[in-house]
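The next block is input.pdb, given as PDB, C-alpha atoms and all ligand atoms.
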ATOM      1  CA  MET H 268     109.982  63.027 104.582
ATOM      2  CA  LYS H 269     113.504  61.529 104.487
ATOM      3  CA  ARG H 270     114.083  58.006 103.254
ATOM      4  CA  GLN H 271     114.635  55.377 105.975
ATOM      5  CA  ALA H 272     117.095  53.047 104.239
ATOM      6  CA  MET H 273     120.801  53.831 104.519
ATOM      7  CA  LYS H 274     121.641  52.884 100.976
ATOM      8  CA  LYS H 275     122.069  55.693  98.476
ATOM      9  CA  ILE H 276     120.673  56.630  95.090
ATOM     10  CA  LEU H 277     123.000  56.878  92.086
ATOM     11  CA  VAL H 278     121.922  59.096  89.187
ATOM     12  CA  ILE H 279     123.790  58.264  85.970
ATOM     13  CA  GLY H 280     123.624  61.123  83.474
ATOM     14  CA  ALA H 281     122.948  63.660  86.238
ATOM     15  CA  ASN H 282     124.155  66.583  84.084
ATOM     16  CA  GLY H 283     121.755  65.809  81.233
ATOM     17  CA  GLN H 284     118.349  67.209  80.324
ATOM     18  CA  ILE H 285     116.377  64.859  82.586
ATOM     19  CA  GLY H 286     119.168  64.164  85.086
ATOM     20  CA  THR H 287     119.652  67.823  86.016
ATOM     21  CA  GLU H 288     116.046  68.254  87.192
ATOM     22  CA  LEU H 289     115.468  64.725  88.457
ATOM     23  CA  THR H 290     118.571  64.913  90.662
ATOM     24  CA  THR H 291     117.321  68.164  92.213
ATOM     25  CA  ALA H 292     113.945  66.531  92.900
ATOM     26  CA  LEU H 293     115.561  63.434  94.438
ATOM     27  CA  VAL H 294     117.690  65.618  96.726
ATOM     28  CA  LYS H 295     114.575  67.491  97.828
ATOM     29  CA  LEU H 296     112.856  64.217  98.614
ATOM     30  CA  HIS H 297     115.667  62.178 100.187
ATOM     31  CA  GLY H 298     118.333  64.703 101.233
ATOM     32  CA  ALA H 299     121.737  65.518  99.709
ATOM     33  CA  GLN H 300     123.499  62.801 101.752
ATOM     34  CA  GLN H 301     121.444  60.131 100.030
ATOM     35  CA  VAL H 302     122.087  61.086  96.392
ATOM     36  CA  VAL H 303     125.255  60.554  94.343
ATOM     37  CA  ALA H 304     125.417  62.293  90.966
ATOM     38  CA  SER H 305     127.466  60.938  88.059
ATOM     39  CA  ASP H 306     128.056  61.902  84.463
ATOM     40  CA  ILE H 307     130.728  61.554  81.794
ATOM     41  CA  GLN H 308     131.813  65.177  82.326
ATOM     42  CA  ALA H 309     134.572  66.043  84.774
ATOM     43  CA  LEU H 310     132.350  68.285  86.919
ATOM     44  CA  GLY H 311     128.833  67.883  88.245
ATOM     45  CA  ARG H 312     126.065  70.486  88.098
ATOM     46  CA  HIS H 313     124.882  69.822  91.658
ATOM     47  CA  GLN H 314     127.595  71.329  93.821
ATOM     48  CA  GLU H 315     126.126  70.061  97.099
ATOM     49  CA  LEU H 316     126.344  66.390  96.062
ATOM     50  CA  ALA H 317     128.962  63.661  95.947
ATOM     51  CA  TYR H 318     129.905  63.460  92.266
ATOM     52  CA  GLU H 319     131.614  60.733  90.231
ATOM     53  CA  LYS H 320     132.898  61.140  86.690
ATOM     54  CA  LEU H 321     131.508  57.969  85.132
ATOM     55  CA  ASP H 322     131.313  56.533  81.637
ATOM     56  CA  VAL H 323     128.481  54.021  81.989
ATOM     57  CA  THR H 324     129.975  51.793  79.283
ATOM     58  CA  ASP H 325     132.843  51.106  81.724
ATOM     59  CA  ALA H 326     131.405  48.220  83.765
ATOM     60  CA  LYS H 327     134.337  48.021  86.186
ATOM     61  CA  ARG H 328     134.192  51.693  87.117
ATOM     62  CA  LEU H 329     130.404  51.515  87.495
ATOM     63  CA  ALA H 330     130.743  48.578  89.901
ATOM     64  CA  GLU H 331     133.361  50.527  91.900
ATOM     65  CA  VAL H 332     131.092  53.562  92.212
ATOM     66  CA  VAL H 333     128.167  51.374  93.336
ATOM     67  CA  GLN H 334     130.323  49.675  95.952
ATOM     68  CA  GLN H 335     132.127  52.812  97.180
ATOM     69  CA  HIS H 336     128.928  54.746  97.801
ATOM     70  CA  ASP H 337     126.818  51.850  99.061
ATOM     71  CA  ILE H 338     124.266  52.363  96.318
ATOM     72  CA  GLY H 339     120.814  50.782  96.647
ATOM     73  CA  GLU H 340     118.979  52.356  93.709
ATOM     74  CA  ILE H 341     120.026  53.579  90.252
ATOM     75  CA  TYR H 342     118.377  56.081  87.912
ATOM     76  CA  HIS H 343     120.160  55.426  84.614
ATOM     77  CA  LEU H 344     119.572  58.407  82.304
ATOM     78  CA  ALA H 345     122.714  58.529  80.158
ATOM     79  CA  ALA H 346     121.702  57.981  76.526
ATOM     80  CA  ALA H 347     122.127  59.069  72.932
ATOM     81  CA  LEU H 348     118.848  60.469  71.521
ATOM     82  CA  SER H 349     117.154  59.921  68.164
ATOM     83  CA  ALA H 350     118.695  62.503  65.805
ATOM     84  CA  LYS H 351     122.235  62.217  67.098
ATOM     85  CA  GLY H 352     121.869  58.435  67.081
ATOM     86  CA  GLU H 353     121.099  58.432  63.343
ATOM     87  CA  GLU H 354     124.273  60.427  62.740
ATOM     88  CA  HIS H 355     126.459  58.218  64.951
ATOM     89  CA  PRO H 356     124.727  54.815  64.986
ATOM     90  CA  GLU H 357     127.489  52.649  66.455
ATOM     91  CA  TRP H 358     128.294  55.140  69.182
ATOM     92  CA  ALA H 359     124.582  55.440  70.043
ATOM     93  CA  TRP H 360     124.027  51.687  70.123
ATOM     94  CA  ASN H 361     127.070  51.130  72.309
ATOM     95  CA  LEU H 362     126.180  53.885  74.760
ATOM     96  CA  ASN H 363     122.512  52.907  74.992
ATOM     97  CA  MET H 364     122.874  49.115  75.086
ATOM     98  CA  THR H 365     126.234  48.534  76.784
ATOM     99  CA  GLY H 366     125.309  51.224  79.310
ATOM    100  CA  LEU H 367     121.972  49.598  80.135
ATOM    101  CA  LEU H 368     123.400  46.072  80.295
ATOM    102  CA  ASN H 369     126.153  47.283  82.631
ATOM    103  CA  VAL H 370     123.564  48.879  84.899
ATOM    104  CA  LEU H 371     121.342  45.784  84.933
ATOM    105  CA  GLU H 372     124.285  43.504  85.612
ATOM    106  CA  VAL H 373     125.691  45.622  88.458
ATOM    107  CA  ALA H 374     122.178  45.907  89.890
ATOM    108  CA  ARG H 375     121.852  42.122  89.832
ATOM    109  CA  GLN H 376     125.271  41.481  91.353
ATOM    110  CA  ALA H 377     125.003  44.164  94.040
ATOM    111  CA  LYS H 378     121.361  43.206  94.739
ATOM    112  CA  LEU H 379     120.096  46.763  94.294
ATOM    113  CA  SER H 380     116.525  47.318  95.401
ATOM    114  CA  LYS H 381     115.353  49.262  92.302
ATOM    115  CA  VAL H 382     116.458  50.526  88.900
ATOM    116  CA  PHE H 383     114.848  53.265  86.803
ATOM    117  CA  TRP H 384     115.536  53.378  83.080
ATOM    118  CA  PRO H 385     113.736  55.581  80.538
ATOM    119  CA  SER H 386     112.251  54.286  77.328
ATOM    120  CA  SER H 387     110.644  56.622  74.788
ATOM    121  CA  ILE H 388     107.899  57.080  72.201
ATOM    122  CA  ALA H 389     110.772  56.295  69.797
ATOM    123  CA  ALA H 390     110.251  52.601  70.617
ATOM    124  CA  PHE H 391     107.071  52.808  68.490
ATOM    125  CA  GLY H 392     107.124  52.755  64.703
ATOM    126  CA  PRO H 393     104.989  53.016  61.579
ATOM    127  CA  SER H 394     102.963  49.883  62.463
ATOM    128  CA  THR H 395     101.847  51.446  65.766
ATOM    129  CA  PRO H 396      98.463  53.258  65.568
ATOM    130  CA  ARG H 397      99.404  56.936  65.199
ATOM    131  CA  ASP H 398      96.635  58.131  67.498
ATOM    132  CA  ASN H 399      96.410  56.848  71.072
ATOM    133  CA  ALA H 400      99.328  54.444  70.640
ATOM    134  CA  PRO H 401      98.392  51.556  72.942
ATOM    135  CA  GLN H 402     100.423  50.265  75.884
ATOM    136  CA  VAL H 403     100.717  46.880  74.191
ATOM    137  CA  GLY H 404     100.783  46.537  70.418
ATOM    138  CA  ALA H 405     102.905  46.675  67.295
ATOM    139  CA  MET H 406     106.334  48.241  67.799
ATOM    140  CA  ASP H 407     108.747  48.518  64.873
ATOM    141  CA  PRO H 408     111.157  51.387  65.610
ATOM    142  CA  LYS H 409     113.034  52.840  62.651
ATOM    143  CA  THR H 410     115.890  54.642  64.404
ATOM    144  CA  VAL H 411     118.948  53.238  66.187
ATOM    145  CA  TYR H 412     117.723  55.066  69.291
ATOM    146  CA  GLY H 413     114.247  53.528  68.993
ATOM    147  CA  ILE H 414     115.674  50.050  68.403
ATOM    148  CA  SER H 415     117.856  50.484  71.499
ATOM    149  CA  LYS H 416     114.798  51.554  73.518
ATOM    150  CA  LEU H 417     112.702  48.574  72.421
ATOM    151  CA  ALA H 418     115.612  46.164  72.979
ATOM    152  CA  GLY H 419     116.216  47.848  76.354
ATOM    153  CA  GLU H 420     112.583  47.300  77.350
ATOM    154  CA  HIS H 421     112.994  43.603  76.566
ATOM    155  CA  TRP H 422     116.272  43.406  78.499
ATOM    156  CA  CYS H 423     114.653  45.069  81.532
ATOM    157  CA  SER H 424     111.783  42.550  81.405
ATOM    158  CA  TRP H 425     114.224  39.684  81.018
ATOM    159  CA  TYR H 426     116.226  40.716  84.107
ATOM    160  CA  ALA H 427     113.033  41.358  86.073
ATOM    161  CA  GLU H 428     111.574  37.950  85.234
ATOM    162  CA  LYS H 429     114.762  35.916  85.451
ATOM    163  CA  TYR H 430     116.183  37.446  88.637
ATOM    164  CA  GLY H 431     113.098  38.920  90.291
ATOM    165  CA  MET H 432     114.572  42.440  90.062
ATOM    166  CA  ASP H 433     112.513  45.607  90.486
ATOM    167  CA  ILE H 434     113.127  47.595  87.286
ATOM    168  CA  ARG H 435     110.764  50.460  86.450
ATOM    169  CA  SER H 436     110.481  52.390  83.229
ATOM    170  CA  LEU H 437     108.512  55.073  81.386
ATOM    171  CA  ARG H 438     108.114  55.747  77.683
ATOM    172  CA  TYR H 439     108.742  59.491  77.821
ATOM    173  CA  PRO H 440     107.277  61.734  75.135
ATOM    174  CA  GLY H 441     109.332  64.731  73.916
ATOM    175  CA  LEU H 442     110.428  66.616  77.032
ATOM    176  CA  ILE H 443     110.498  70.400  77.262
ATOM    177  CA  SER H 444     112.791  72.084  79.768
ATOM    178  CA  TYR H 445     115.040  75.087  80.361
ATOM    179  CA  SER H 446     117.645  73.865  82.873
ATOM    180  CA  ALA H 447     119.857  71.784  80.604
ATOM    181  CA  GLU H 448     120.118  71.327  76.865
ATOM    182  CA  PRO H 449     118.626  68.212  75.307
ATOM    183  CA  GLY H 450     121.097  65.848  73.690
ATOM    184  CA  GLY H 451     120.164  65.739  70.000
ATOM    185  CA  GLY H 452     116.518  64.652  69.848
ATOM    186  CA  THR H 453     113.791  65.072  67.234
ATOM    187  CA  THR H 454     111.487  66.893  69.642
ATOM    188  CA  ASP H 455     114.165  69.505  70.474
ATOM    189  CA  TYR H 456     112.675  71.923  67.926
ATOM    190  CA  ALA H 457     110.087  72.897  70.563
ATOM    191  CA  ILE H 458     112.795  73.920  73.031
ATOM    192  CA  GLN H 459     114.589  75.883  70.302
ATOM    193  CA  ALA H 460     111.321  77.710  69.520
ATOM    194  CA  LEU H 461     110.872  78.740  73.144
ATOM    195  CA  PHE H 462     114.498  79.882  73.518
ATOM    196  CA  SER H 463     114.160  81.935  70.313
ATOM    197  CA  ALA H 464     110.872  83.460  71.466
ATOM    198  CA  ALA H 465     112.527  84.481  74.718
ATOM    199  CA  ASP H 466     115.577  86.168  73.188
ATOM    200  CA  GLY H 467     114.080  87.432  69.938
ATOM    201  CA  SER H 468     116.335  85.383  67.649
ATOM    202  CA  ALA H 469     115.180  83.851  64.359
ATOM    203  CA  PHE H 470     113.582  80.418  64.591
ATOM    204  CA  THR H 471     113.581  77.786  61.866
ATOM    205  CA  SER H 472     111.811  74.542  62.691
ATOM    206  CA  PHE H 473     113.529  71.402  61.448
ATOM    207  CA  LEU H 474     110.107  69.683  61.501
ATOM    208  CA  GLY H 475     107.244  70.639  59.191
ATOM    209  CA  GLU H 476     104.451  72.783  60.598
ATOM    210  CA  GLU H 477     101.872  69.978  60.876
ATOM    211  CA  SER H 478     104.161  67.403  62.474
ATOM    212  CA  THR H 479     102.229  66.514  65.644
ATOM    213  CA  LEU H 480     104.073  64.677  68.426
ATOM    214  CA  PRO H 481     103.365  63.804  72.080
ATOM    215  CA  MET H 482     105.179  66.199  74.438
ATOM    216  CA  MET H 483     105.456  66.921  78.167
ATOM    217  CA  TYR H 484     106.884  69.583  80.468
ATOM    218  CA  MET H 485     109.873  68.418  82.506
ATOM    219  CA  PRO H 486     108.351  69.020  85.968
ATOM    220  CA  ASP H 487     105.593  66.559  85.042
ATOM    221  CA  ALA H 488     108.118  64.023  83.695
ATOM    222  CA  VAL H 489     110.180  64.283  86.896
ATOM    223  CA  ARG H 490     107.091  63.879  89.067
ATOM    224  CA  ALA H 491     105.951  60.880  86.990
ATOM    225  CA  THR H 492     109.344  59.259  87.508
ATOM    226  CA  ILE H 493     109.261  59.774  91.252
ATOM    227  CA  GLU H 494     105.646  58.643  91.521
ATOM    228  CA  LEU H 495     106.357  55.472  89.553
ATOM    229  CA  MET H 496     109.431  54.709  91.662
ATOM    230  CA  SER H 497     107.467  55.267  94.887
ATOM    231  CA  ALA H 498     104.429  53.227  93.860
ATOM    232  CA  PRO H 499     103.850  49.978  95.791
ATOM    233  CA  LYS H 500     105.136  47.121  93.633
ATOM    234  CA  GLU H 501     101.897  45.186  93.944
ATOM    235  CA  ASN H 502     100.031  48.038  92.181
ATOM    236  CA  LEU H 503     102.224  47.756  89.089
ATOM    237  CA  LYS H 504     100.549  45.199  86.854
ATOM    238  CA  THR H 505     102.017  46.313  83.541
ATOM    239  CA  ALA H 506     105.134  44.426  82.541
ATOM    240  CA  GLY H 507     107.755  46.689  80.964
ATOM    241  CA  SER H 508     107.705  50.398  80.306
ATOM    242  CA  TYR H 509     104.608  52.552  80.911
ATOM    243  CA  ASN H 510     103.152  54.798  78.215
ATOM    244  CA  LEU H 511     103.116  58.362  79.545
ATOM    245  CA  ALA H 512     101.318  61.371  78.062
ATOM    246  CA  ALA H 513     100.481  65.013  78.673
ATOM    247  CA  TRP H 514      99.496  66.704  75.381
ATOM    248  CA  SER H 515     100.369  66.654  71.684
ATOM    249  CA  PHE H 516     101.055  69.626  69.424
ATOM    250  CA  SER H 517     102.528  70.471  66.037
ATOM    251  CA  PRO H 518     105.166  73.168  65.464
ATOM    252  CA  ARG H 519     102.403  75.418  64.049
ATOM    253  CA  GLU H 520     100.253  74.973  67.181
ATOM    254  CA  LEU H 521     103.213  75.714  69.468
ATOM    255  CA  VAL H 522     104.090  78.820  67.446
ATOM    256  CA  CYS H 523     100.461  80.041  67.810
ATOM    257  CA  VAL H 524     100.554  79.646  71.605
ATOM    258  CA  ILE H 525     103.904  81.468  71.745
ATOM    259  CA  GLN H 526     102.614  84.270  69.476
ATOM    260  CA  GLN H 527      99.726  84.904  71.894
ATOM    261  CA  ARG H 528     102.460  85.902  74.382
ATOM    262  CA  VAL H 529     105.184  87.176  72.034
ATOM    263  CA  PRO H 530     103.338  88.659  69.016
ATOM    264  CA  ALA H 531     106.591  89.434  67.145
ATOM    265  CA  PHE H 532     107.677  85.781  67.199
ATOM    266  CA  GLN H 533     107.914  84.268  63.711
ATOM    267  CA  ALA H 534     108.784  80.771  62.517
ATOM    268  CA  ALA H 535     110.195  79.428  59.286
ATOM    269  CA  TYR H 536     109.925  75.737  58.424
ATOM    270  CA  LYS H 537     112.742  73.776  56.860
ATOM    271  CA  PRO H 538     112.231  70.049  57.510
ATOM    272  CA  ASP H 539     115.431  67.985  57.434
ATOM    273  CA  PHE H 540     116.284  64.313  58.112
ATOM    274  CA  ARG H 541     114.513  64.538  61.473
ATOM    275  CA  GLN H 542     111.144  64.783  59.689
ATOM    276  CA  ALA H 543     111.317  61.093  58.721
ATOM    277  CA  ILE H 544     112.013  60.217  62.353
ATOM    278  CA  ALA H 545     108.972  62.187  63.544
ATOM    279  CA  ASP H 546     106.776  60.689  60.814
ATOM    280  CA  ALA H 547     107.362  57.185  62.193
ATOM    281  CA  TRP H 548     106.285  58.139  65.752
ATOM    282  CA  PRO H 549     102.720  58.255  67.104
ATOM    283  CA  ARG H 550     100.854  61.573  67.328
ATOM    284  CA  SER H 551      99.372  60.706  70.710
ATOM    285  CA  ILE H 552      99.733  58.096  73.437
ATOM    286  CA  ASP H 553      97.260  56.074  75.489
ATOM    287  CA  ASP H 554      98.579  56.232  79.053
ATOM    288  CA  SER H 555      95.538  54.672  80.743
ATOM    289  CA  SER H 556      97.633  51.938  82.429
ATOM    290  CA  ALA H 557      99.788  54.566  84.182
ATOM    291  CA  ARG H 558      96.648  56.476  85.171
ATOM    292  CA  ALA H 559      94.941  53.363  86.551
ATOM    293  CA  GLU H 560      97.877  51.669  88.273
ATOM    294  CA  TRP H 561      99.757  54.541  89.926
ATOM    295  CA  ALA H 562      97.352  57.465  89.466
ATOM    296  CA  TRP H 563      99.413  59.340  86.881
ATOM    297  CA  ARG H 564      98.003  62.772  85.897
ATOM    298  CA  PRO H 565      99.907  65.573  84.149
ATOM    299  CA  ALA H 566      99.653  68.922  85.945
ATOM    300  CA  TYR H 567     100.732  71.487  83.322
ATOM    301  CA  SER H 568      98.579  72.515  80.372
ATOM    302  CA  LEU H 569     100.310  73.490  77.136
ATOM    303  CA  SER H 570      99.766  77.209  77.802
ATOM    304  CA  GLU H 571     100.993  76.889  81.406
ATOM    305  CA  MET H 572     104.144  75.213  80.089
ATOM    306  CA  VAL H 573     104.745  78.042  77.585
ATOM    307  CA  ASP H 574     104.179  80.695  80.277
ATOM    308  CA  ASP H 575     106.541  78.963  82.691
ATOM    309  CA  MET H 576     109.246  78.388  80.046
ATOM    310  CA  LEU H 577     109.129  82.029  78.885
ATOM    311  CA  THR H 578     109.347  83.235  82.482
ATOM    312  CA  HIS H 579     112.424  81.108  83.149
ATOM    313  CA  LEU H 580     114.057  81.892  79.806
ATOM    314  CA  ALA H 581     113.674  85.665  80.055
ATOM    315  CA  GLY H 582     117.147  87.157  79.597
ATOM    316  CA  ARG H 583     118.778  83.881  78.551
ATOM    317  CA  LYS H 584     120.672  83.269  75.316
ATOM    318  CA  SER H 585     119.219  81.222  72.463
ATOM    319  CA  LEU H 586     120.360  77.668  71.878
ATOM    320  CA  SER H 587     122.445  77.327  68.767
ATOM    321  CA  GLN H 588     120.278  75.290  66.412
ATOM    322  CA  GLU H 589     123.362  73.581  64.962
ATOM    323  CA  LYS H 590     124.442  72.523  68.441
ATOM    324  CA  GLN H 591     121.359  70.339  68.811
ATOM    325  CA  VAL H 592     122.765  67.667  66.530
ATOM    326  CA  ALA H 593     126.456  68.506  66.791
TER     327      ALA H 593
HETATM  328  C1  LIG Q 601     114.045  62.465  70.980
HETATM  329  O1  LIG Q 601     113.472  63.336  70.309
HETATM  330  O2  LIG Q 601     114.903  61.689  70.522
HETATM  331  C2  LIG Q 601     113.650  62.293  72.420
HETATM  332  C3  LIG Q 601     112.582  61.254  72.582
HETATM  333  C4  LIG Q 601     111.232  61.501  72.054
HETATM  334  O3  LIG Q 601     112.837  60.230  73.136
HETATM  335  N1  LIG Q 601     113.209  63.547  72.956
END
What would you get if you wrote out this structure as structure tokens?
Amino acid sequence: MKRQAMKKILVIGANGQIGTELTTALVKLHGAQQVVASDIQALGRHQELAYEKLDVTDAKRLAEVVQQHDIGEIYHLAAALSAKGEEHPEWAWNLNMTGLLNVLEVARQAKLSKVFWPSSIAAFGPSTPRDNAPQVGAMDPKTVYGISKLAGEHWCSWYAEKYGMDIRSLRYPGLISYSAEPGGGTTDYAIQALFSAADGSAFTSFLGEESTLPMMYMPDAVRATIELMSAPKENLKTAGSYNLAAWSFSPRELVCVIQQRVPAFQAAYKPDFRQAIADAWPRSIDDSSARAEWAWRPAYSLSEMVDDMLTHLAGRKSLSQEKQVA
């Protein structure tokens, strides 16, 4: 079913890990004429779409793109992730906060109908219960990325309350995908493991073997995003960003599931600075508000995710482990 309104959707960060797959899903849903892709790189990944090279920290250029393409909705996905953010804190803060504030401000001025912005489990911290982290409760993030996510949640609420804007958000767990590389996160070890299993290269986990974190397969994350954005506004009772969950696993548990399919696969464990980041995040998430208010349900089991990843990765090259935080 094609969308009725004439105004278009702008995806910011369309070449990134989430943007690559979300853009494809939005095109499927609304048609290529209705979606404009943008990213900081010169070229887009979606050849069939209008593409704008856009640095989201440039407010003037963002406003031009919104005006030129008659944009009515923005999915703002450009961000620095947790590990890279600890290495380049000022850059990460500027990208994450200036970028979000620019998007909120252009959305206000151009009277956009909706904005989507992702938060993360990184907004939680050591004071949050580690199991079944609640929708509402203590949040004391310890990374620049996490601080930017919690501050961003507050900014989104502020704009929504002050100006009556429709801003929707999810606290994504670690996302696993094969289409595009992640941008320097703490949960990236899982993607590295699957790439290594597929091409037979050596795998060393930068998290310890018992480090359990909430994770999700990208098709579920994309569907959650679209379902949240399509939900009737009156159903959404939760102010701010929704907790979202599929399953949790440790590196050891993931390696076991992979070994059931690739018996030769071996892992070594060499925790680095990313271990402290993981240790401050919850092991599992209570997403009952998302389930109750817009009927969220994950579709993929952990073993279905591993099967699907290995099928898609067959014949592909391994990710360079250094590149993850380069
Ligand atoms: C990261 O590891 O930084 C991200 C996240 C959990 O938000 N994948």
Point-to-point distance in Å for CA of Trp360 (chain H) and CA of Ile414 (chain H): 8.7 Å
Give me the result of the PyMOL selection byres (((chain H and resi 330) around 12) and not hetatm) on this file, residue by residue, as JSON, numbers by chain. {"H": [277, 321, 322, 323, 324, 325, 326, 327, 328, 329, 331, 332, 333, 334, 335, 336, 337, 338, 341, 369, 370, 371, 372, 373, 374, 375, 376, 377, 378, 379]}
Cut-off 12 Å around (105.5, 65.9, 86.1) with all atoms listed in the file: residues as an MDAnalysis selection string: chainID H and resid 285 288:289 292 439:440 442:444 482:495 511:513 563:568 572
Tell me which residues come within 12 Å of (131.1, 63.8, 80.2), as a ChimeraX atom specification, counting all atoms listed in the file in the file's coordinates. /H:279-283,305-312,319-323,345-346
Export, as a PDB file, in the coordinates of the input, the selected residues with C-alpha atoms.
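Produced file out01.pdb, reproduced below:
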ATOM      1  CA  ILE H 279     123.790  58.264  85.970  1.00  0.00           C
ATOM      2  CA  GLY H 280     123.624  61.123  83.474  1.00  0.00           C
ATOM      3  CA  ALA H 281     122.948  63.660  86.238  1.00  0.00           C
ATOM      4  CA  ASN H 282     124.155  66.583  84.084  1.00  0.00           C
ATOM      5  CA  GLY H 283     121.755  65.809  81.233  1.00  0.00           C
ATOM      6  CA  SER H 305     127.466  60.938  88.059  1.00  0.00           C
ATOM      7  CA  ASP H 306     128.056  61.902  84.463  1.00  0.00           C
ATOM      8  CA  ILE H 307     130.728  61.554  81.794  1.00  0.00           C
ATOM      9  CA  GLN H 308     131.813  65.177  82.326  1.00  0.00           C
ATOM     10  CA  ALA H 309     134.572  66.043  84.774  1.00  0.00           C
ATOM     11  CA  LEU H 310     132.350  68.285  86.919  1.00  0.00           C
ATOM     12  CA  GLY H 311     128.833  67.883  88.245  1.00  0.00           C
ATOM     13  CA  ARG H 312     126.065  70.486  88.098  1.00  0.00           C
ATOM     14  CA  GLU H 319     131.614  60.733  90.231  1.00  0.00           C
ATOM     15  CA  LYS H 320     132.898  61.140  86.690  1.00  0.00           C
ATOM     16  CA  LEU H 321     131.508  57.969  85.132  1.00  0.00           C
ATOM     17  CA  ASP H 322     131.313  56.533  81.637  1.00  0.00           C
ATOM     18  CA  VAL H 323     128.481  54.021  81.989  1.00  0.00           C
ATOM     19  CA  ALA H 345     122.714  58.529  80.158  1.00  0.00           C
ATOM     20  CA  ALA H 346     121.702  57.981  76.526  1.00  0.00           C
TER      21      ALA H 346
END
Go ahead and compute the interatomic distance for CA of Glu520 (chain H) and CA of Glu477 (chain H), in Å to one decimal.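 One can read the CA of Glu520 (chain H) to CA of Glu477 (chain H) distance as 8.2 Å.
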Collect all residues with atoms no farther than 9 Å from ligand LIG 601 (chain Q), counting all atoms listed in the file, and output them as a ChimeraX atom specification. /H:347-352,385-390,412-413,416,438-443,449-456,480-482,541,544-545,548
State, in Å with one decimal place, the distance from CA of Ala460 (chain H) to CA of Val522 (chain H).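 Going from CA of Ala460 (chain H) over to CA of Val522 (chain H) covers 7.6 Å.
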